[in-house]
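Note sheet for the following structure.
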Amino acid sequence: MIRSSKFTNSLLAAVLAVCGVTVGANASAADKVTVQLKWLPQAQFAGYYVAQSKGYYKAEGLDVTIKPGGPDISPVQVIAGNGADVVVNWMPDALAAREAGVPLVNIAQVFNQSGLMLTCKKASGVSSPKDFKGKTLGVWYGGNEYPFLNWMAKLGYKTDTDIKILKQGFNVDPLLQNQAACISTMIYNEYWQVVDAGVKESDLVTFFYEKEGVASLEDGLYVLESKLKDPVFVARMGKFLKATFKGWNDAVKNPAEAAKIVVAADTSGSASEKVQKRQMENVAKLITTAGTKKMGYLEPAAYERTVKVLLAAGSSPVIKKDPGKAAYSHVVWEAASK
């Protein structure tokens, strides 16, 4: 008896599926990847949007969903609840989460420089870190406070008596309205919001965490440790990294193009090409390995330096013990490099 080709194809697909091989529509289902960003669509995440827009993910056989973040979205909670395969997060938050029971592992480090800084008005009387005492300082929470708390501990300041912490929203209002002497800013975003609001750069003083020796790694890619035991997952994420790095290299090389792509991805319509281009130009300064074979590679020395910084916070360290080499893995990066 001759069966219809439709039946035969269905049977073949079923057999291949049992053997771990996918065909046709099954391929896209098997190769879905969801990435959770740390914040809203902006040039801070340009590489992912560029890779998506220019078909780099599709070329790797991936169906990638990019989920924007926001003030009420925790990448750690999202991945812990299986809402994403991979998340963009800062290492202090990721390591704190790991110690608390969410076993995150860094599989790639796109930003190898920190863009975090405190921006202060000179009129507030702050010209050096020794002037922080007695001042109100704006600090982001939700996992972003760890580098700041570590810095204050290093300076010997008690955050309940020596300084006053203002839990800062994700805006620059406290500085503009003189509610704080200094606020948390990123070199590629909030700093320029202050300038755009009419404050002259000459009237500001900035303290880069990188230059103060208290910087920790930002915007790395993290997955759950158990997933790395699955070779299929590792291979899929290797393709994701390969396409992502290609997107980032393009974004660094062509900020204007990246800005257009980011603006197109912002469904709120609030992003402008001028602002996103400027942001991308500053983001590019934090990715010094762009265009090289080391793109996205987490240097063990940089990891160990961050761990050391996080452990050195006096009586209230970000993490209480060194997580060791288990908190990062090069296996996916190596898969992407093949």
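As shown in the structure tokens, the chain order sets the letters A, B, ...; within each chain, residues go from 1, and ligands are also counted from 1 in the order they appear.
Those residues that approach Lys325 (chain A) to within 10 Å, counting only C-alpha atoms, are Val105, Pro300, Tyr303, Glu304 and Ser329 of chain A; same-chain residues fewer than 4 positions away are not listed.
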Quick one: which region 291-324 of chain A residues come within 10 Å of region 224-247 of chain A, and what is the nearest atom pair for each with the distance in Å to one decimal, counting only C-alpha atoms, rows ordered by chain and ascending number, as JSON lines?
```
{"residue": "A:Gly291", "atom": "CA", "partner": "A:Lys246", "partner_atom": "CA", "distance": 8.6}
{"residue": "A:Met295", "atom": "CA", "partner": "A:Phe245", "partner_atom": "CA", "distance": 6.8}
{"residue": "A:Gly296", "atom": "CA", "partner": "A:Phe245", "partner_atom": "CA", "distance": 7.1}
```
- Message: Need the shell around Val139 (chain A): protein/DNA/RNA residues with any atom at most 12 Å away, counting only C-alpha atoms. Skip same-chain ones fewer than 3 positions apart. Format as a count of residues only?
- Response: 35
So that each row is one residue of region 141-206 of chain A with an atom at most 7 Å from region 275-290 of chain A, can you give its shortest atom pair and the distance in Å to one decimal, using only C-alpha atoms, rows by chain and rising number, as CSV?
```
residue,atom,partner,partner_atom,distance
A:Ile187,CA,A:Asn282,CA,6.7
A:Tyr188,CA,A:Gln279,CA,4.6
A:Asn189,CA,A:Gln279,CA,6.2
```
- Task: Fewer than 6 positions away in the same chain doesn't count, so skip those; otherwise give me all residues within 9 Å of Asp266 (chain A), counting only C-alpha atoms, as a list of chain:residue names.
- Result: A:Leu40, A:Pro41, A:Gln42
Residue neighbourhood Val33 (chain A), 8 Å, only C-alpha atoms, exclusion window fewer than 4 positions, as a PDB file with C-alpha atoms, in the first residue's frame:
```pdb
ATOM      1  CA  LEU A  62      17.483  31.026  15.800  1.00  0.00           C
ATOM      2  CA  ASP A  63      14.127  32.523  16.646  1.00  0.00           C
ATOM      3  CA  VAL A  64      15.122  35.138  19.222  1.00  0.00           C
ATOM      4  CA  THR A  65      12.731  37.071  21.430  1.00  0.00           C
ATOM      5  CA  ALA A  84      14.114  33.675  29.717  1.00  0.00           C
ATOM      6  CA  ASP A  85      17.011  31.496  28.565  1.00  0.00           C
ATOM      7  CA  VAL A  86      19.601  34.203  29.110  1.00  0.00           C
ATOM      8  CA  MET A 237      23.547  29.560  23.006  1.00  0.00           C
ATOM      9  CA  PHE A 240      23.226  33.137  19.966  1.00  0.00           C
TER      10      PHE A 240
END
```
Give me the residues within 12 Å of Tyr328 (chain A) as a compact mmCIF listing (two decimals) with N, CA, C and O atoms, in the first residue's frame, counting only C-alpha atoms and dropping any in the same chain fewer than 3 places off.
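Ended up saving to selection.txt:
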```txt
# COMPACT_ATOMS: atom_id res chain seq x y z
N MET A 91 27.30 42.05 37.19
CA MET A 91 27.87 40.95 37.97
C MET A 91 27.58 41.02 39.47
O MET A 91 27.32 39.97 40.08
N ALA A 94 24.22 39.53 39.90
CA ALA A 94 24.23 38.12 39.52
C ALA A 94 24.89 37.25 40.59
O ALA A 94 24.39 36.17 40.93
N LEU A 95 26.01 37.73 41.14
CA LEU A 95 26.70 36.95 42.17
C LEU A 95 25.94 36.94 43.49
O LEU A 95 25.94 35.94 44.21
N ARG A 98 23.28 34.45 43.00
CA ARG A 98 23.83 33.09 43.06
C ARG A 98 24.01 32.65 44.51
O ARG A 98 23.65 31.53 44.87
N PRO A 103 21.35 29.94 40.84
CA PRO A 103 22.68 29.63 40.33
C PRO A 103 22.99 30.19 38.94
O PRO A 103 23.06 29.46 37.94
N LEU A 104 23.19 31.48 38.87
CA LEU A 104 23.52 32.12 37.60
C LEU A 104 24.99 31.90 37.24
O LEU A 104 25.86 31.89 38.12
N VAL A 105 25.25 31.76 35.95
CA VAL A 105 26.61 31.59 35.46
C VAL A 105 26.83 32.56 34.30
O VAL A 105 26.01 32.64 33.39
N ASN A 106 27.92 33.29 34.35
CA ASN A 106 28.27 34.21 33.27
C ASN A 106 28.82 33.41 32.09
O ASN A 106 29.76 32.64 32.24
N ILE A 107 28.21 33.61 30.90
CA ILE A 107 28.69 32.91 29.71
C ILE A 107 29.37 33.85 28.73
O ILE A 107 30.01 33.39 27.77
N ALA A 108 29.26 35.15 28.96
CA ALA A 108 29.92 36.13 28.09
C ALA A 108 29.90 37.49 28.77
O ALA A 108 28.96 37.82 29.49
N GLN A 109 30.92 38.29 28.51
CA GLN A 109 31.02 39.62 29.10
C GLN A 109 31.21 40.64 27.98
O GLN A 109 32.33 40.88 27.53
N GLY A 220 26.78 41.69 31.51
CA GLY A 220 27.23 40.37 31.08
C GLY A 220 26.01 39.53 30.74
O GLY A 220 24.86 39.94 30.99
N LEU A 221 26.21 38.38 30.16
CA LEU A 221 25.12 37.46 29.81
C LEU A 221 25.18 36.26 30.76
O LEU A 221 26.23 35.64 30.93
N TYR A 222 24.02 35.95 31.35
CA TYR A 222 23.95 34.91 32.37
C TYR A 222 22.86 33.88 32.07
O TYR A 222 21.78 34.24 31.58
N VAL A 223 23.17 32.62 32.37
CA VAL A 223 22.20 31.54 32.23
C VAL A 223 22.18 30.75 33.55
O VAL A 223 23.05 30.95 34.41
N LEU A 224 21.22 29.87 33.68
CA LEU A 224 21.18 29.00 34.86
C LEU A 224 22.21 27.89 34.70
O LEU A 224 22.35 27.29 33.63
N GLU A 225 22.90 27.61 35.78
CA GLU A 225 24.00 26.63 35.76
C GLU A 225 23.56 25.26 35.23
O GLU A 225 24.28 24.62 34.47
N LEU A 228 23.71 24.42 31.43
CA LEU A 228 25.00 24.19 30.76
C LEU A 228 25.38 22.72 30.71
O LEU A 228 26.35 22.35 30.05
N TYR A 297 34.61 37.79 25.67
CA TYR A 297 35.33 36.84 26.53
C TYR A 297 35.49 37.43 27.93
O TYR A 297 35.96 38.55 28.09
N LEU A 298 35.06 36.69 28.92
CA LEU A 298 35.22 37.12 30.30
C LEU A 298 36.63 36.77 30.75
O LEU A 298 36.99 35.60 30.91
N GLU A 299 37.44 37.80 30.96
CA GLU A 299 38.80 37.59 31.45
C GLU A 299 38.74 37.15 32.91
O GLU A 299 38.15 37.84 33.75
N PRO A 300 39.33 36.00 33.23
CA PRO A 300 39.31 35.52 34.62
C PRO A 300 39.82 36.57 35.61
O PRO A 300 39.29 36.71 36.71
N ALA A 302 39.56 39.80 35.40
CA ALA A 302 38.52 40.82 35.59
C ALA A 302 37.43 40.29 36.51
O ALA A 302 36.90 41.03 37.36
N TYR A 303 37.10 39.03 36.34
CA TYR A 303 36.11 38.39 37.22
C TYR A 303 36.61 38.38 38.66
O TYR A 303 35.90 38.77 39.59
N GLU A 304 37.86 37.94 38.84
CA GLU A 304 38.43 37.85 40.18
C GLU A 304 38.54 39.22 40.84
O GLU A 304 38.35 39.36 42.05
N VAL A 307 35.06 40.13 42.06
CA VAL A 307 34.76 39.36 43.29
C VAL A 307 35.47 39.97 44.49
O VAL A 307 34.89 40.14 45.56
N PRO A 323 32.66 32.90 45.14
CA PRO A 323 31.95 31.83 44.44
C PRO A 323 32.86 30.95 43.60
O PRO A 323 32.45 29.89 43.11
N GLY A 324 34.11 31.37 43.43
CA GLY A 324 35.05 30.57 42.65
C GLY A 324 34.73 30.54 41.17
O GLY A 324 33.92 31.32 40.67
N LYS A 325 35.34 29.60 40.48
CA LYS A 325 35.20 29.52 39.03
C LYS A 325 33.85 29.00 38.56
O LYS A 325 33.53 29.06 37.37
N VAL A 331 32.45 27.79 28.13
CA VAL A 331 32.04 26.73 27.21
C VAL A 331 31.17 27.25 26.07
O VAL A 331 31.31 26.83 24.92
N VAL A 332 30.27 28.18 26.36
CA VAL A 332 29.39 28.72 25.31
C VAL A 332 30.18 29.67 24.42
O VAL A 332 30.03 29.67 23.19
N TRP A 333 31.04 30.50 25.03
CA TRP A 333 31.87 31.41 24.25
C TRP A 333 32.75 30.61 23.28
O TRP A 333 32.92 31.02 22.11
```
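The residues of region 117-231 of chain A that DSSP classifies as alpha helix (DSSP H), using the backbone of this structure, are Tyr146, Pro147, Phe148, Leu149, Asn150, Trp151, Met152, Ala153, Lys154, Leu155, Asp173, Pro174, Leu175, Leu176, Glu190, Tyr191, Trp192, Gln193, Val194, Val195, Asp196, Tyr209, Glu210, Lys211, Glu212 and Pro231 of chain A.
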Atoms to include: N, CA, C and O atoms. Write the selected residues as a compact mmCIF listing (two decimals), in the first residue's frame.
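Just written: part21.txt:
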```txt
# COMPACT_ATOMS: atom_id res chain seq x y z
N TYR A 146 24.88 47.71 44.84
CA TYR A 146 26.03 47.00 45.39
C TYR A 146 27.38 47.69 45.15
O TYR A 146 28.20 47.81 46.08
N PRO A 147 27.67 48.14 43.93
CA PRO A 147 28.96 48.84 43.74
C PRO A 147 29.10 50.07 44.63
O PRO A 147 30.17 50.34 45.18
N PHE A 148 28.00 50.82 44.78
CA PHE A 148 28.04 52.02 45.61
C PHE A 148 28.32 51.68 47.07
O PHE A 148 29.17 52.30 47.72
N LEU A 149 27.59 50.71 47.61
CA LEU A 149 27.76 50.32 49.01
C LEU A 149 29.19 49.84 49.27
O LEU A 149 29.78 50.13 50.32
N ASN A 150 29.74 49.12 48.30
CA ASN A 150 31.11 48.66 48.44
C ASN A 150 32.08 49.84 48.47
O ASN A 150 33.02 49.89 49.27
N TRP A 151 31.83 50.82 47.60
CA TRP A 151 32.69 52.01 47.53
C TRP A 151 32.67 52.78 48.85
O TRP A 151 33.71 53.19 49.37
N MET A 152 31.47 52.98 49.40
CA MET A 152 31.35 53.72 50.66
C MET A 152 32.10 52.99 51.79
O MET A 152 32.73 53.61 52.64
N ALA A 153 32.00 51.66 51.78
CA ALA A 153 32.70 50.87 52.80
C ALA A 153 34.21 51.04 52.66
O ALA A 153 34.94 51.16 53.66
N LYS A 154 34.66 51.09 51.41
CA LYS A 154 36.10 51.27 51.15
C LYS A 154 36.56 52.64 51.64
O LYS A 154 37.67 52.79 52.16
N LEU A 155 35.69 53.64 51.50
CA LEU A 155 36.02 54.99 51.96
C LEU A 155 35.90 55.14 53.48
O LEU A 155 36.34 56.13 54.05
N ASP A 173 16.16 63.77 38.37
CA ASP A 173 15.46 64.84 39.09
C ASP A 173 16.12 65.25 40.41
O ASP A 173 16.17 66.45 40.72
N PRO A 174 16.61 64.32 41.23
CA PRO A 174 17.19 64.73 42.51
C PRO A 174 18.33 65.73 42.37
O PRO A 174 18.50 66.60 43.23
N LEU A 175 19.12 65.63 41.30
CA LEU A 175 20.21 66.57 41.09
C LEU A 175 19.68 67.90 40.55
O LEU A 175 20.08 68.97 41.02
N LEU A 176 18.77 67.81 39.61
CA LEU A 176 18.21 69.02 39.01
C LEU A 176 17.44 69.84 40.03
O LEU A 176 17.44 71.07 39.99
N GLU A 190 22.28 58.76 31.75
CA GLU A 190 21.79 59.79 32.67
C GLU A 190 22.68 61.02 32.75
O GLU A 190 22.18 62.13 32.96
N TYR A 191 23.99 60.84 32.60
CA TYR A 191 24.88 62.01 32.63
C TYR A 191 24.44 63.02 31.57
O TYR A 191 24.37 64.24 31.83
N TRP A 192 24.11 62.53 30.40
CA TRP A 192 23.72 63.41 29.31
C TRP A 192 22.31 63.97 29.51
O TRP A 192 21.98 65.03 28.99
N GLN A 193 21.50 63.27 30.29
CA GLN A 193 20.18 63.81 30.62
C GLN A 193 20.34 65.07 31.48
O GLN A 193 19.57 66.03 31.34
N VAL A 194 21.33 65.05 32.35
CA VAL A 194 21.61 66.23 33.18
C VAL A 194 22.04 67.40 32.30
O VAL A 194 21.56 68.53 32.45
N VAL A 195 22.94 67.11 31.38
CA VAL A 195 23.44 68.15 30.47
C VAL A 195 22.32 68.67 29.57
O VAL A 195 22.17 69.88 29.37
N ASP A 196 21.51 67.75 29.07
CA ASP A 196 20.40 68.15 28.20
C ASP A 196 19.37 68.99 28.94
O ASP A 196 18.61 69.75 28.33
N TYR A 209 33.47 54.97 38.71
CA TYR A 209 33.78 53.81 39.54
C TYR A 209 35.04 53.12 39.02
O TYR A 209 35.85 52.61 39.80
N GLU A 210 35.20 53.10 37.71
CA GLU A 210 36.37 52.47 37.09
C GLU A 210 37.64 53.15 37.59
O GLU A 210 38.61 52.48 37.98
N LYS A 211 37.65 54.48 37.59
CA LYS A 211 38.84 55.23 38.01
C LYS A 211 39.06 55.21 39.52
O LYS A 211 40.18 55.38 40.00
N GLU A 212 37.96 55.01 40.26
CA GLU A 212 38.06 54.97 41.73
C GLU A 212 38.49 53.61 42.24
O GLU A 212 38.67 53.40 43.44
N PRO A 231 24.15 19.71 26.19
CA PRO A 231 24.94 20.09 25.02
C PRO A 231 24.12 20.79 23.94
O PRO A 231 24.65 21.62 23.19
```
- Looking only at the backbone, which of the residues in region 176-221 of chain A does DSSP tag as strand (DSSP E), as a PyMOL selection string? chain A and resi 182-186+204-208+220-221
Since we have the selection now, will you write its residues out, keeping N, CA, C and O atoms, as a PDB file, in the first residue's frame?
```
ATOM      1  N   CYS A 182      24.844  64.526  44.818  1.00  0.00           N
ATOM      2  CA  CYS A 182      25.317  63.663  43.732  1.00  0.00           C
ATOM      3  C   CYS A 182      24.257  62.617  43.425  1.00  0.00           C
ATOM      4  O   CYS A 182      23.477  62.242  44.313  1.00  0.00           O
ATOM      5  N   ILE A 183      24.248  62.152  42.197  1.00  0.00           N
ATOM      6  CA  ILE A 183      23.333  61.070  41.825  1.00  0.00           C
ATOM      7  C   ILE A 183      24.074  60.020  40.999  1.00  0.00           C
ATOM      8  O   ILE A 183      25.139  60.285  40.438  1.00  0.00           O
ATOM      9  N   SER A 184      23.488  58.851  40.938  1.00  0.00           N
ATOM     10  CA  SER A 184      24.035  57.786  40.105  1.00  0.00           C
ATOM     11  C   SER A 184      23.705  58.076  38.644  1.00  0.00           C
ATOM     12  O   SER A 184      22.574  58.462  38.319  1.00  0.00           O
ATOM     13  N   THR A 185      24.689  57.916  37.794  1.00  0.00           N
ATOM     14  CA  THR A 185      24.477  58.099  36.352  1.00  0.00           C
ATOM     15  C   THR A 185      25.341  57.099  35.585  1.00  0.00           C
ATOM     16  O   THR A 185      26.325  56.584  36.116  1.00  0.00           O
ATOM     17  N   MET A 186      24.953  56.858  34.349  1.00  0.00           N
ATOM     18  CA  MET A 186      25.793  56.087  33.431  1.00  0.00           C
ATOM     19  C   MET A 186      26.355  57.066  32.416  1.00  0.00           C
ATOM     20  O   MET A 186      25.663  58.002  31.987  1.00  0.00           O
ATOM     21  N   LEU A 204      29.703  70.555  36.696  1.00  0.00           N
ATOM     22  CA  LEU A 204      29.577  69.201  37.235  1.00  0.00           C
ATOM     23  C   LEU A 204      30.934  68.601  37.554  1.00  0.00           C
ATOM     24  O   LEU A 204      31.950  68.960  36.948  1.00  0.00           O
ATOM     25  N   VAL A 205      30.944  67.690  38.503  1.00  0.00           N
ATOM     26  CA  VAL A 205      32.136  66.900  38.791  1.00  0.00           C
ATOM     27  C   VAL A 205      31.686  65.444  38.810  1.00  0.00           C
ATOM     28  O   VAL A 205      30.621  65.121  39.349  1.00  0.00           O
ATOM     29  N   THR A 206      32.464  64.595  38.180  1.00  0.00           N
ATOM     30  CA  THR A 206      32.066  63.186  38.068  1.00  0.00           C
ATOM     31  C   THR A 206      33.121  62.274  38.685  1.00  0.00           C
ATOM     32  O   THR A 206      34.323  62.578  38.662  1.00  0.00           O
ATOM     33  N   PHE A 207      32.650  61.156  39.218  1.00  0.00           N
ATOM     34  CA  PHE A 207      33.525  60.156  39.815  1.00  0.00           C
ATOM     35  C   PHE A 207      33.221  58.804  39.177  1.00  0.00           C
ATOM     36  O   PHE A 207      32.177  58.206  39.454  1.00  0.00           O
ATOM     37  N   PHE A 208      34.105  58.354  38.307  1.00  0.00           N
ATOM     38  CA  PHE A 208      33.926  57.069  37.631  1.00  0.00           C
ATOM     39  C   PHE A 208      34.328  55.934  38.574  1.00  0.00           C
ATOM     40  O   PHE A 208      35.417  55.956  39.149  1.00  0.00           O
ATOM     41  N   GLY A 220      26.777  41.685  31.512  1.00  0.00           N
ATOM     42  CA  GLY A 220      27.228  40.369  31.083  1.00  0.00           C
ATOM     43  C   GLY A 220      26.005  39.534  30.736  1.00  0.00           C
ATOM     44  O   GLY A 220      24.862  39.936  30.989  1.00  0.00           O
ATOM     45  N   LEU A 221      26.213  38.376  30.158  1.00  0.00           N
ATOM     46  CA  LEU A 221      25.125  37.459  29.813  1.00  0.00           C
ATOM     47  C   LEU A 221      25.177  36.259  30.755  1.00  0.00           C
ATOM     48  O   LEU A 221      26.233  35.639  30.931  1.00  0.00           O
TER      49      LEU A 221
END
```
- Task: Mind checking which residues fall within 12 Å of Lys54 (chain A), counting only C-alpha atoms, ignoring those fewer than 6 positions away in the same chain, and posting them as number ranges by chain?
- Result: A: 46-48, 60, 243-244, 246-248, 250-251, 257-258, 261
Output file for the residues above (all heavy atoms, as a short mmCIF file (atom, residue, chain, number, x, y, z; two decimals), in the first residue's frame):
```cif
data_model
loop_
_atom_site.label_atom_id
_atom_site.label_comp_id
_atom_site.auth_asym_id
_atom_site.auth_seq_id
_atom_site.Cartn_x
_atom_site.Cartn_y
_atom_site.Cartn_z
N ALA A 46 22.15 47.77 22.04
CA ALA A 46 22.11 47.87 20.58
C ALA A 46 22.52 46.58 19.87
O ALA A 46 21.93 46.21 18.85
CB ALA A 46 23.01 49.02 20.12
N GLY A 47 23.51 45.89 20.40
CA GLY A 47 24.00 44.69 19.73
C GLY A 47 22.93 43.64 19.50
O GLY A 47 22.91 42.99 18.44
N TYR A 48 22.03 43.49 20.46
CA TYR A 48 20.96 42.49 20.34
C TYR A 48 19.94 42.92 19.27
O TYR A 48 19.51 42.11 18.44
CB TYR A 48 20.27 42.30 21.69
CG TYR A 48 21.26 42.04 22.80
CD1 TYR A 48 21.62 43.06 23.68
CD2 TYR A 48 21.88 40.80 22.94
CE1 TYR A 48 22.55 42.85 24.68
CE2 TYR A 48 22.81 40.58 23.94
CZ TYR A 48 23.15 41.61 24.81
OH TYR A 48 24.09 41.40 25.78
N GLU A 60 21.61 32.05 11.92
CA GLU A 60 22.11 30.97 12.78
C GLU A 60 21.02 29.96 13.09
O GLU A 60 21.21 29.04 13.89
CB GLU A 60 22.67 31.55 14.07
CG GLU A 60 23.95 32.36 13.91
CD GLU A 60 25.13 31.51 13.47
OE1 GLU A 60 25.16 30.30 13.80
OE2 GLU A 60 26.02 32.05 12.78
N ALA A 243 26.01 35.36 16.83
CA ALA A 243 25.20 36.37 16.15
C ALA A 243 25.19 37.68 16.94
O ALA A 243 25.25 38.77 16.36
CB ALA A 243 23.78 35.86 15.95
N THR A 244 25.13 37.56 18.26
CA THR A 244 25.12 38.75 19.12
C THR A 244 26.41 39.55 18.99
O THR A 244 26.38 40.78 18.87
CB THR A 244 24.91 38.35 20.59
OG1 THR A 244 23.60 37.79 20.74
CG2 THR A 244 25.04 39.54 21.52
N LYS A 246 28.36 39.65 16.49
CA LYS A 246 28.34 40.27 15.16
C LYS A 246 27.52 41.55 15.21
O LYS A 246 27.90 42.57 14.63
CB LYS A 246 27.76 39.28 14.14
CG LYS A 246 28.05 39.65 12.69
CD LYS A 246 27.62 38.52 11.76
CE LYS A 246 27.94 38.89 10.31
NZ LYS A 246 27.50 37.80 9.38
N GLY A 247 26.39 41.48 15.93
CA GLY A 247 25.55 42.66 16.08
C GLY A 247 26.26 43.77 16.83
O GLY A 247 26.20 44.94 16.45
N TRP A 248 26.97 43.41 17.89
CA TRP A 248 27.70 44.41 18.67
C TRP A 248 28.84 45.03 17.87
O TRP A 248 29.09 46.24 17.95
CB TRP A 248 28.24 43.80 19.96
CG TRP A 248 27.28 43.85 21.09
CD1 TRP A 248 26.72 42.80 21.77
CD2 TRP A 248 26.75 45.04 21.71
NE1 TRP A 248 25.87 43.25 22.75
CE2 TRP A 248 25.87 44.62 22.74
CE3 TRP A 248 26.92 46.40 21.48
CZ2 TRP A 248 25.18 45.53 23.54
CZ3 TRP A 248 26.23 47.30 22.28
CH2 TRP A 248 25.38 46.87 23.29
N ASP A 250 28.98 45.49 14.71
CA ASP A 250 28.36 46.43 13.77
C ASP A 250 27.94 47.72 14.48
O ASP A 250 28.11 48.82 13.96
CB ASP A 250 27.13 45.81 13.10
CG ASP A 250 27.49 44.81 12.01
OD1 ASP A 250 28.69 44.54 11.82
OD2 ASP A 250 26.57 44.30 11.35
N ALA A 251 27.37 47.56 15.67
CA ALA A 251 26.88 48.72 16.43
C ALA A 251 28.03 49.66 16.81
O ALA A 251 27.90 50.88 16.73
CB ALA A 251 26.14 48.26 17.67
N GLU A 257 23.73 53.88 12.44
CA GLU A 257 22.86 52.78 12.00
C GLU A 257 22.24 52.09 13.21
O GLU A 257 21.04 51.78 13.22
CB GLU A 257 23.66 51.77 11.19
CG GLU A 257 22.85 50.55 10.75
CD GLU A 257 23.71 49.47 10.13
OE1 GLU A 257 24.65 48.98 10.80
OE2 GLU A 257 23.43 49.10 8.97
N ALA A 258 23.06 51.86 14.25
CA ALA A 258 22.57 51.21 15.46
C ALA A 258 21.46 52.04 16.11
O ALA A 258 20.47 51.50 16.58
CB ALA A 258 23.71 51.00 16.45
N ILE A 261 18.15 51.55 14.40
CA ILE A 261 17.58 50.24 14.71
C ILE A 261 16.97 50.23 16.12
O ILE A 261 15.88 49.70 16.33
CB ILE A 261 18.65 49.15 14.56
CG1 ILE A 261 19.01 48.98 13.08
CG2 ILE A 261 18.18 47.82 15.15
CD1 ILE A 261 20.19 48.05 12.82
#
```
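Atom to atom, CA of Leu311 (chain A) and CA of Leu37 (chain A) stand 26.2 Å apart.
In terms of minimum interatomic distance to Asp322 (chain A), A:Glu99 ranks closest within A:Glu99, A:Asn178, A:Lys122, A:Ser128, counting only C-alpha atoms.
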